[in-house]
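Next comes final-v9.csv, a file with CSV, C-alpha atoms.
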chain,number,residue,atom,x,y,z
A,1,MET,CA,-18.9,7.6,52.3
A,2,ALA,CA,-16.7,6.0,54.9
A,3,ASN,CA,-19.7,5.2,57.0
A,4,VAL,CA,-21.4,3.6,54.0
A,5,ILE,CA,-18.3,1.4,53.5
A,6,THR,CA,-18.4,0.4,57.2
A,7,ALA,CA,-22.1,-0.6,56.9
A,8,GLY,CA,-21.4,-2.5,53.7
A,9,ARG,CA,-18.6,-4.4,55.5
A,10,VAL,CA,-21.0,-5.6,58.2
A,11,ALA,CA,-23.6,-6.6,55.7
A,12,LEU,CA,-21.0,-8.6,53.6
A,13,LEU,CA,-19.8,-10.2,56.8
A,14,PHE,CA,-23.1,-12.0,57.4
A,15,VAL,CA,-23.2,-13.1,53.7
A,16,GLY,CA,-19.7,-14.6,54.2
A,17,ILE,CA,-20.8,-16.3,57.4
A,18,GLY,CA,-23.8,-17.9,55.7
A,19,LEU,CA,-21.6,-19.2,52.9
A,20,LEU,CA,-19.1,-20.7,55.5
A,21,TYR,CA,-22.0,-22.8,56.9
A,22,SER,CA,-22.8,-24.2,53.4
A,23,HIS,CA,-19.9,-26.7,53.7
A,24,GLN,CA,-19.7,-26.8,49.9
A,25,ARG,CA,-16.3,-26.3,48.3
A,26,TRP,CA,-17.0,-23.4,46.0
A,27,LEU,CA,-19.4,-21.6,48.4
A,28,THR,CA,-16.9,-21.7,51.3
A,29,PHE,CA,-14.2,-20.5,48.9
A,30,LEU,CA,-16.5,-17.6,48.0
A,31,ALA,CA,-17.0,-17.0,51.7
A,32,TRP,CA,-13.2,-16.8,52.1
A,33,LEU,CA,-13.0,-14.1,49.3
A,34,VAL,CA,-15.9,-12.2,51.0
A,35,LEU,CA,-13.9,-12.2,54.3
A,36,LEU,CA,-10.9,-10.8,52.4
A,37,ILE,CA,-13.1,-8.0,51.1
A,38,VAL,CA,-14.5,-7.3,54.5
A,39,PHE,CA,-11.1,-6.8,56.0
A,40,LEU,CA,-9.7,-4.8,53.1
A,41,GLY,CA,-12.8,-2.5,53.5
A,42,ASP,CA,-11.6,-1.7,57.0
A,43,ALA,CA,-8.5,0.0,55.6
A,44,ILE,CA,-10.4,1.6,52.7
A,45,ASP,CA,-13.0,3.4,54.9
A,46,GLY,CA,-10.2,5.0,57.0
A,47,ILE,CA,-8.4,6.2,53.9
A,48,VAL,CA,-11.6,7.6,52.4
A,49,ALA,CA,-12.5,9.4,55.7
A,50,ARG,CA,-9.0,11.1,55.9
A,51,ARG,CA,-8.8,12.1,52.3
A,52,ARG,CA,-12.3,13.6,52.2
A,53,GLY,CA,-11.8,15.2,55.6
A,54,GLN,CA,-14.8,13.4,56.9
A,55,SER,CA,-13.3,12.2,60.2
A,56,THR,CA,-16.0,12.7,62.8
A,57,VAL,CA,-16.7,11.5,66.3
A,58,PHE,CA,-19.7,9.5,65.0
A,59,GLY,CA,-17.5,8.0,62.2
A,60,ALA,CA,-14.8,6.9,64.7
A,61,VAL,CA,-17.3,5.3,67.0
A,62,PHE,CA,-19.2,3.7,64.1
A,63,ASP,CA,-16.0,2.3,62.7
A,64,ILE,CA,-15.1,0.8,66.0
A,65,ALA,CA,-18.6,-0.7,66.4
A,66,GLY,CA,-18.3,-2.2,62.9
A,67,ASP,CA,-15.0,-3.7,63.9
A,68,ARG,CA,-16.5,-5.2,67.0
A,69,VAL,CA,-19.3,-6.8,65.1
A,70,VAL,CA,-16.9,-8.3,62.6
A,71,GLU,CA,-14.4,-9.6,65.2
A,72,ASN,CA,-16.9,-11.0,67.7
A,73,ALA,CA,-19.1,-12.6,65.1
A,74,LEU,CA,-16.1,-14.4,63.4
A,75,TRP,CA,-14.6,-15.6,66.7
A,76,ILE,CA,-18.0,-17.0,67.7
A,77,VAL,CA,-18.5,-18.7,64.3
A,78,PHE,CA,-15.0,-20.3,64.3
A,79,ALA,CA,-15.5,-21.5,67.9
A,80,HIS,CA,-18.9,-22.9,66.9
A,81,LEU,CA,-17.3,-24.7,63.9
A,82,GLY,CA,-14.8,-26.3,66.3
A,83,LEU,CA,-11.6,-24.6,65.1
A,84,ILE,CA,-10.9,-22.7,68.3
A,85,GLY,CA,-12.1,-23.0,72.0
A,86,VAL,CA,-15.0,-21.0,73.2
A,87,TRP,CA,-12.6,-19.1,75.5
A,88,ALA,CA,-11.4,-17.1,72.5
A,89,PRO,CA,-14.7,-15.3,71.7
A,90,LEU,CA,-15.4,-14.9,75.4
A,91,LEU,CA,-12.0,-13.2,75.9
A,92,VAL,CA,-12.5,-10.9,72.9
A,93,MET,CA,-16.1,-10.0,73.9
A,94,THR,CA,-15.2,-9.3,77.5
A,95,ARG,CA,-12.3,-7.1,76.4
A,96,GLY,CA,-14.5,-5.3,73.9
A,97,PHE,CA,-17.3,-4.6,76.4
A,98,LEU,CA,-14.8,-3.2,79.0
A,99,VAL,CA,-12.9,-1.1,76.5
A,100,ASP,CA,-16.0,0.3,74.8
A,101,GLY,CA,-17.5,1.1,78.2
A,102,LEU,CA,-14.4,3.0,79.3
A,103,ARG,CA,-14.2,4.8,76.0
A,104,SER,CA,-17.8,6.0,76.4
A,105,VAL,CA,-16.9,7.6,79.7
A,106,ALA,CA,-14.0,9.4,78.1
A,107,LEU,CA,-16.3,10.4,75.2
A,108,GLN,CA,-18.5,12.3,77.7
A,109,ALA,CA,-15.4,14.4,78.5
A,110,GLY,CA,-14.9,15.2,74.8
A,111,ARG,CA,-12.2,12.6,74.2
A,112,THR,CA,-12.3,10.3,71.2
A,113,PRO,CA,-10.6,6.9,70.8
A,114,PHE,CA,-8.4,8.2,67.9
A,115,GLY,CA,-7.7,11.5,66.1
A,116,GLU,CA,-6.8,14.9,67.4
A,117,ARG,CA,-8.8,14.6,70.6
A,118,THR,CA,-7.6,11.1,71.4
A,119,MET,CA,-8.1,9.9,75.0
A,120,ALA,CA,-4.5,8.5,75.1
A,121,ARG,CA,-2.7,10.2,78.0
A,122,THR,CA,0.9,9.0,77.4
A,123,GLY,CA,3.1,8.3,74.4
A,124,LEU,CA,3.0,4.5,75.2
A,125,THR,CA,-0.7,4.2,75.5
A,126,HIS,CA,-1.1,6.3,72.3
A,127,PHE,CA,1.3,4.0,70.5
A,128,LEU,CA,-0.5,0.8,71.6
A,129,THR,CA,-4.0,2.0,71.0
A,130,ALA,CA,-4.1,4.8,68.5
A,131,SER,CA,-0.9,4.8,66.5
A,132,ARG,CA,-1.2,3.9,62.8
A,133,THR,CA,1.6,1.4,63.3
A,134,MET,CA,-0.2,-0.7,66.0
A,135,ARG,CA,-3.6,-0.3,64.3
A,136,ALA,CA,-2.0,-1.6,61.0
A,137,LEU,CA,-0.3,-4.4,62.8
A,138,TYR,CA,-3.5,-5.5,64.5
A,139,GLY,CA,-5.4,-5.2,61.3
A,140,VAL,CA,-2.9,-7.4,59.4
A,141,ALA,CA,-2.9,-9.9,62.3
A,142,LYS,CA,-6.7,-10.2,62.2
A,143,LEU,CA,-6.7,-10.5,58.4
A,144,ALA,CA,-4.1,-13.3,58.5
A,145,ALA,CA,-5.9,-15.1,61.4
A,146,PHE,CA,-9.4,-15.0,60.0
A,147,LEU,CA,-8.3,-15.9,56.5
A,148,PHE,CA,-6.3,-18.8,57.9
A,149,LEU,CA,-9.3,-20.1,59.9
A,150,GLY,CA,-11.6,-19.5,56.9
A,151,GLY,CA,-9.1,-21.4,54.8
A,152,LEU,CA,-9.4,-24.4,57.2
A,153,ILE,CA,-13.1,-24.4,56.6
A,154,VAL,CA,-12.5,-24.4,52.8
A,155,GLU,CA,-10.1,-27.3,53.2
A,156,GLN,CA,-12.7,-29.3,55.2
A,157,SER,CA,-15.2,-28.6,52.4
A,158,GLY,CA,-13.0,-29.9,49.6
A,159,GLY,CA,-10.0,-27.6,49.5
A,160,PHE,CA,-8.8,-24.6,47.6
A,161,PRO,CA,-8.8,-24.8,43.8
A,162,ILE,CA,-5.0,-24.2,43.6
A,163,ALA,CA,-3.4,-23.4,46.9
A,164,GLY,CA,-4.7,-26.3,49.0
A,165,TRP,CA,-1.2,-27.5,49.6
A,166,LEU,CA,-0.7,-24.6,52.0
A,167,PHE,CA,-3.0,-26.3,54.5
A,168,HIS,CA,-1.0,-29.5,54.4
A,169,SER,CA,2.4,-27.9,55.2
A,170,SER,CA,3.5,-28.0,58.8
A,171,VAL,CA,5.2,-24.6,58.3
A,172,SER,CA,2.2,-22.8,57.0
A,173,LEU,CA,-0.1,-24.4,59.6
A,174,THR,CA,2.3,-23.3,62.4
A,175,LEU,CA,2.4,-19.8,61.0
A,176,GLY,CA,-1.4,-19.7,60.7
A,177,TRP,CA,-1.9,-20.7,64.4
A,178,ILE,CA,0.7,-18.2,65.4
A,179,CYS,CA,-1.3,-15.5,63.7
A,180,VAL,CA,-4.5,-16.7,65.5
A,181,TYR,CA,-3.0,-16.7,69.0
A,182,GLY,CA,-0.9,-13.6,68.3
A,183,THR,CA,-4.1,-11.7,67.4
A,184,LEU,CA,-5.7,-12.8,70.7
A,185,VAL,CA,-2.6,-11.6,72.5
A,186,LEU,CA,-2.7,-8.2,70.7
A,187,THR,CA,-6.3,-7.9,71.5
A,188,VAL,CA,-5.5,-7.9,75.2
A,189,VAL,CA,-2.3,-5.9,74.9
A,190,ARG,CA,-4.2,-3.1,73.1
A,191,GLY,CA,-7.0,-3.2,75.5
A,192,LEU,CA,-5.1,-2.7,78.8
A,193,PRO,CA,-3.9,0.9,78.0
A,194,VAL,CA,-7.5,2.0,77.7
A,195,ILE,CA,-7.9,1.3,81.4
A,196,VAL,CA,-5.0,3.6,82.1
A,197,ASP,CA,-6.3,6.4,79.8
A,198,ALA,CA,-9.8,6.3,81.2
A,199,TRP,CA,-8.9,5.9,84.8
A,200,PRO,CA,-8.9,9.7,85.6
A,201,TYR,CA,-12.5,10.1,84.3
A,202,LEU,CA,-13.9,7.3,86.5
A,203,GLY,CA,-14.0,9.5,89.5
A,204,TRP,CA,-15.7,12.4,87.7
A,205,SER,CA,-19.1,13.6,88.8
A,206,ALA,CA,-21.9,14.5,86.5
A,207,GLU,CA,-21.1,18.1,87.0
A,208,ASP,CA,-17.5,17.5,86.0
A,209,PHE,CA,-18.7,16.1,82.7
A,210,ARG,CA,-21.0,19.0,82.1
A,211,ARG,CA,-18.2,21.5,82.6
A,212,ALA,CA,-15.9,19.6,80.2
A,213,SER,CA,-16.2,21.4,76.9
A,214,PRO,CA,-16.1,19.2,73.8
A,215,HIS,CA,-14.3,22.1,72.1
A,216,GLU,CA,-11.5,22.6,74.6
A,217,PRO,CA,-8.9,20.0,75.9
A,218,THR,CA,-9.7,18.7,79.4
A,219,ALA,CA,-7.1,19.0,82.1
A,220,GLY,CA,-4.5,16.3,82.4

Have the structure of the file written as C-alpha cells, please.
Amino acid sequence: MANVITAGRVALLFVGIGLLYSHQRWLTFLAWLVLLIVFLGDAIDGIVARRRGQSTVFGAVFDIAGDRVVENALWIVFAHLGLIGVWAPLLVMTRGFLVDGLRSVALQAGRTPFGERTMARTGLTHFLTASRTMRALYGVAKLAAFLFLGGLIVEQSGGFPIAGWLFHSSVSLTLGWICVYGTLVLTVVRGLPVIVDAWPYLGWSAEDFRRASPHEPTAG
C-alpha cells in the first residue's frame, strides 16, 4: 500500500507541473493544492508502512527514489520558470546522485538508508540522515519551500482567491525565501554524513560484498 502511495505521489506531481505551466489563475491554484497533496503523501506512505509492518528494503529505496523525482523535478521547474537560479537544481541533483551512489554501495553490504539495518555508523550521522526529527524537519522545509515557490506562480497568474496578501508582505516573502534557501542548506548538510557512513565500504572487494550476509550485521 505504501508503494502505491509513493507511485501515486509521482503521478500527481506531473499533473501539478502541467497545471503550473498553464499560467491561468484557477489552474495554477489547483496545481498548488496538488503539490500540497504530493508532500502530505510523503508522510502518509511512511505511516502506512510502519503501521502495517510493510517496511522493506525495496520500499525504503522506492520511497527515496520517489522523493528524488519530486525534488529534482520541482527544482528544475521553478528554475525554468525563473524563480530560482539554475545552480539550485544542479546542486540538488549532484548531491542526490552522489548520495544514492554511495548508498547503493552500502546496500550491497546489507545496509539500508533507514530502519534497523541503517548504514549510519555514528550517533551524529544517524541523527542527520535517518532520525525522524531531521527527516521531519527536512520534509517540512521542503513543503514550505515548494508551496512558497508555487504560490509565487499563482500570484503571477492572478493571485490566490483569499490569501494573496501573503505574497505582498515583506515579512512573509522573507520567511518564504528563508525556507527555500534553508532547504537547500539542509539538502547539503544531510548529504555529507552519507560520505562518512559509506566510506568504509568503498575499499571493499567483490569478495568482501559476497561474504557480507544481508541477515547479519557487518563489522564496524

**Complete:** Among A:Arg121, A:Arg135, A:His126, A:Arg211, Ala198 (chain A) is approached most closely, using only C-alpha atoms, by A:Arg121

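Across the structure, CA of Gly16 (chain A) and CA of Val99 (chain A) are spaced 26.9 Å apart.
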
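For Ile153 (chain A), the residues within 8 Å (counting all atoms listed in the file, excluding itself and residues fewer than 6 positions away along the chain) are Leu20, His23 and Thr28 of chain A.
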
Next, write the just-selected residues to a file, as a compact mmCIF listing (two decimals), keeping the file's coordinate frame, keeping C-alpha atoms as the atom set.
# COMPACT_ATOMS: atom_id res chain seq x y z
CA LEU A 20 -19.10 -20.70 55.50
CA HIS A 23 -19.90 -26.70 53.70
CA THR A 28 -16.90 -21.70 51.30

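Distance annotation: of A:Val105, A:Met134, A:Val61, A:Ala144, the residue with the minimal separation from Thr6 (chain A) is A:Val61; atom set is all atoms listed in the file.
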
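Here the question is which of A:Thr174, A:Val70, A:Val194, A:Leu98 gets nearest to Phe14 (chain A) using only C-alpha atoms, and that residue is A:Val70.
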
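Rounded to one decimal, CA of Trp75 (chain A) and CA of Pro89 (chain A) lie 5.0 Å from each other.
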
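One finds CA of Tyr138 (chain A) at 13.2 Å from CA of Arg68 (chain A).
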
Supply region 165-197 of chain A as a PDB file, in the frame of the given file, with N, CA and C atoms built in where the input has gaps.
ATOM      1  N   TRP A 165      -2.412 -26.950  49.021  1.00  0.00           N
ATOM      2  CA  TRP A 165      -1.200 -27.500  49.600  1.00  0.00           C
ATOM      3  C   TRP A 165      -0.728 -26.708  50.818  1.00  0.00           C
ATOM      4  N   LEU A 166      -1.110 -25.420  50.872  1.00  0.00           N
ATOM      5  CA  LEU A 166      -0.700 -24.600  52.000  1.00  0.00           C
ATOM      6  C   LEU A 166      -1.213 -25.137  53.319  1.00  0.00           C
ATOM      7  N   PHE A 167      -2.358 -25.776  53.276  1.00  0.00           N
ATOM      8  CA  PHE A 167      -3.000 -26.300  54.500  1.00  0.00           C
ATOM      9  C   PHE A 167      -2.562 -27.715  54.800  1.00  0.00           C
ATOM     10  N   HIS A 168      -1.551 -28.186  54.092  1.00  0.00           N
ATOM     11  CA  HIS A 168      -1.000 -29.500  54.400  1.00  0.00           C
ATOM     12  C   HIS A 168       0.495 -29.376  54.737  1.00  0.00           C
ATOM     13  N   SER A 169       0.968 -28.148  54.827  1.00  0.00           N
ATOM     14  CA  SER A 169       2.400 -27.900  55.200  1.00  0.00           C
ATOM     15  C   SER A 169       2.447 -27.542  56.664  1.00  0.00           C
ATOM     16  N   SER A 170       3.337 -28.232  57.382  1.00  0.00           N
ATOM     17  CA  SER A 170       3.500 -28.000  58.800  1.00  0.00           C
ATOM     18  C   SER A 170       3.931 -26.547  59.081  1.00  0.00           C
ATOM     19  N   VAL A 171       4.754 -26.004  58.172  1.00  0.00           N
ATOM     20  CA  VAL A 171       5.200 -24.600  58.300  1.00  0.00           C
ATOM     21  C   VAL A 171       4.104 -23.631  58.246  1.00  0.00           C
ATOM     22  N   SER A 172       3.289 -23.737  57.190  1.00  0.00           N
ATOM     23  CA  SER A 172       2.200 -22.800  57.000  1.00  0.00           C
ATOM     24  C   SER A 172       1.135 -22.928  58.071  1.00  0.00           C
ATOM     25  N   LEU A 173       0.888 -24.158  58.502  1.00  0.00           N
ATOM     26  CA  LEU A 173      -0.100 -24.400  59.600  1.00  0.00           C
ATOM     27  C   LEU A 173       0.406 -23.750  60.878  1.00  0.00           C
ATOM     28  N   THR A 174       1.688 -23.910  61.154  1.00  0.00           N
ATOM     29  CA  THR A 174       2.300 -23.300  62.400  1.00  0.00           C
ATOM     30  C   THR A 174       2.154 -21.798  62.320  1.00  0.00           C
ATOM     31  N   LEU A 175       2.504 -21.210  61.181  1.00  0.00           N
ATOM     32  CA  LEU A 175       2.400 -19.800  61.000  1.00  0.00           C
ATOM     33  C   LEU A 175       0.971 -19.280  61.165  1.00  0.00           C
ATOM     34  N   GLY A 176       0.050 -20.065  60.635  1.00  0.00           N
ATOM     35  CA  GLY A 176      -1.400 -19.700  60.700  1.00  0.00           C
ATOM     36  C   GLY A 176      -1.841 -19.652  62.173  1.00  0.00           C
ATOM     37  N   TRP A 177      -1.473 -20.672  62.951  1.00  0.00           N
ATOM     38  CA  TRP A 177      -1.900 -20.700  64.400  1.00  0.00           C
ATOM     39  C   TRP A 177      -1.192 -19.616  65.163  1.00  0.00           C
ATOM     40  N   ILE A 178       0.040 -19.279  64.787  1.00  0.00           N
ATOM     41  CA  ILE A 178       0.700 -18.200  65.400  1.00  0.00           C
ATOM     42  C   ILE A 178      -0.039 -16.867  65.215  1.00  0.00           C
ATOM     43  N   CYS A 179      -0.550 -16.694  64.003  1.00  0.00           N
ATOM     44  CA  CYS A 179      -1.300 -15.500  63.700  1.00  0.00           C
ATOM     45  C   CYS A 179      -2.624 -15.470  64.542  1.00  0.00           C
ATOM     46  N   VAL A 180      -3.255 -16.624  64.694  1.00  0.00           N
ATOM     47  CA  VAL A 180      -4.500 -16.700  65.500  1.00  0.00           C
ATOM     48  C   VAL A 180      -4.246 -16.301  66.924  1.00  0.00           C
ATOM     49  N   TYR A 181      -3.276 -16.970  67.555  1.00  0.00           N
ATOM     50  CA  TYR A 181      -3.000 -16.700  69.000  1.00  0.00           C
ATOM     51  C   TYR A 181      -2.328 -15.370  69.176  1.00  0.00           C
ATOM     52  N   GLY A 182      -1.518 -14.960  68.202  1.00  0.00           N
ATOM     53  CA  GLY A 182      -0.900 -13.600  68.300  1.00  0.00           C
ATOM     54  C   GLY A 182      -1.937 -12.539  68.238  1.00  0.00           C
ATOM     55  N   THR A 183      -2.982 -12.720  67.440  1.00  0.00           N
ATOM     56  CA  THR A 183      -4.100 -11.700  67.400  1.00  0.00           C
ATOM     57  C   THR A 183      -4.785 -11.633  68.701  1.00  0.00           C
ATOM     58  N   LEU A 184      -5.009 -12.766  69.350  1.00  0.00           N
ATOM     59  CA  LEU A 184      -5.700 -12.800  70.700  1.00  0.00           C
ATOM     60  C   LEU A 184      -4.801 -12.042  71.700  1.00  0.00           C
ATOM     61  N   VAL A 185      -3.492 -12.250  71.627  1.00  0.00           N
ATOM     62  CA  VAL A 185      -2.600 -11.600  72.500  1.00  0.00           C
ATOM     63  C   VAL A 185      -2.625 -10.053  72.294  1.00  0.00           C
ATOM     64  N   LEU A 186      -2.586  -9.645  71.018  1.00  0.00           N
ATOM     65  CA  LEU A 186      -2.700  -8.200  70.700  1.00  0.00           C
ATOM     66  C   LEU A 186      -3.971  -7.600  71.130  1.00  0.00           C
ATOM     67  N   THR A 187      -5.039  -8.381  71.073  1.00  0.00           N
ATOM     68  CA  THR A 187      -6.300  -7.900  71.500  1.00  0.00           C
ATOM     69  C   THR A 187      -6.278  -7.446  72.973  1.00  0.00           C
ATOM     70  N   VAL A 188      -5.641  -8.267  73.795  1.00  0.00           N
ATOM     71  CA  VAL A 188      -5.500  -7.900  75.200  1.00  0.00           C
ATOM     72  C   VAL A 188      -4.523  -6.796  75.431  1.00  0.00           C
ATOM     73  N   VAL A 189      -3.373  -6.865  74.750  1.00  0.00           N
ATOM     74  CA  VAL A 189      -2.300  -5.900  74.900  1.00  0.00           C
ATOM     75  C   VAL A 189      -2.836  -4.466  74.538  1.00  0.00           C
ATOM     76  N   ARG A 190      -3.656  -4.373  73.487  1.00  0.00           N
ATOM     77  CA  ARG A 190      -4.200  -3.100  73.100  1.00  0.00           C
ATOM     78  C   ARG A 190      -5.368  -2.622  73.885  1.00  0.00           C
ATOM     79  N   GLY A 191      -5.916  -3.524  74.686  1.00  0.00           N
ATOM     80  CA  GLY A 191      -7.000  -3.200  75.500  1.00  0.00           C
ATOM     81  C   GLY A 191      -6.641  -2.608  76.873  1.00  0.00           C
ATOM     82  N   LEU A 192      -5.549  -3.121  77.440  1.00  0.00           N
ATOM     83  CA  LEU A 192      -5.100  -2.700  78.800  1.00  0.00           C
ATOM     84  C   LEU A 192      -4.830  -1.206  78.882  1.00  0.00           C
ATOM     85  N   PRO A 193      -4.158  -0.586  77.890  1.00  0.00           N
ATOM     86  CA  PRO A 193      -3.900   0.900  78.000  1.00  0.00           C
ATOM     87  C   PRO A 193      -5.133   1.722  78.112  1.00  0.00           C
ATOM     88  N   VAL A 194      -6.266   1.243  77.587  1.00  0.00           N
ATOM     89  CA  VAL A 194      -7.500   2.000  77.700  1.00  0.00           C
ATOM     90  C   VAL A 194      -7.898   2.225  79.123  1.00  0.00           C
ATOM     91  N   ILE A 195      -7.615   1.224  79.961  1.00  0.00           N
ATOM     92  CA  ILE A 195      -7.900   1.300  81.400  1.00  0.00           C
ATOM     93  C   ILE A 195      -7.114   2.492  81.985  1.00  0.00           C
ATOM     94  N   VAL A 196      -5.832   2.560  81.617  1.00  0.00           N
ATOM     95  CA  VAL A 196      -5.000   3.600  82.100  1.00  0.00           C
ATOM     96  C   VAL A 196      -5.462   4.992  81.642  1.00  0.00           C
ATOM     97  N   ASP A 197      -5.834   5.088  80.361  1.00  0.00           N
ATOM     98  CA  ASP A 197      -6.300   6.400  79.800  1.00  0.00           C
ATOM     99  C   ASP A 197      -7.605   6.828  80.365  1.00  0.00           C
TER     100      ASP A 197
END
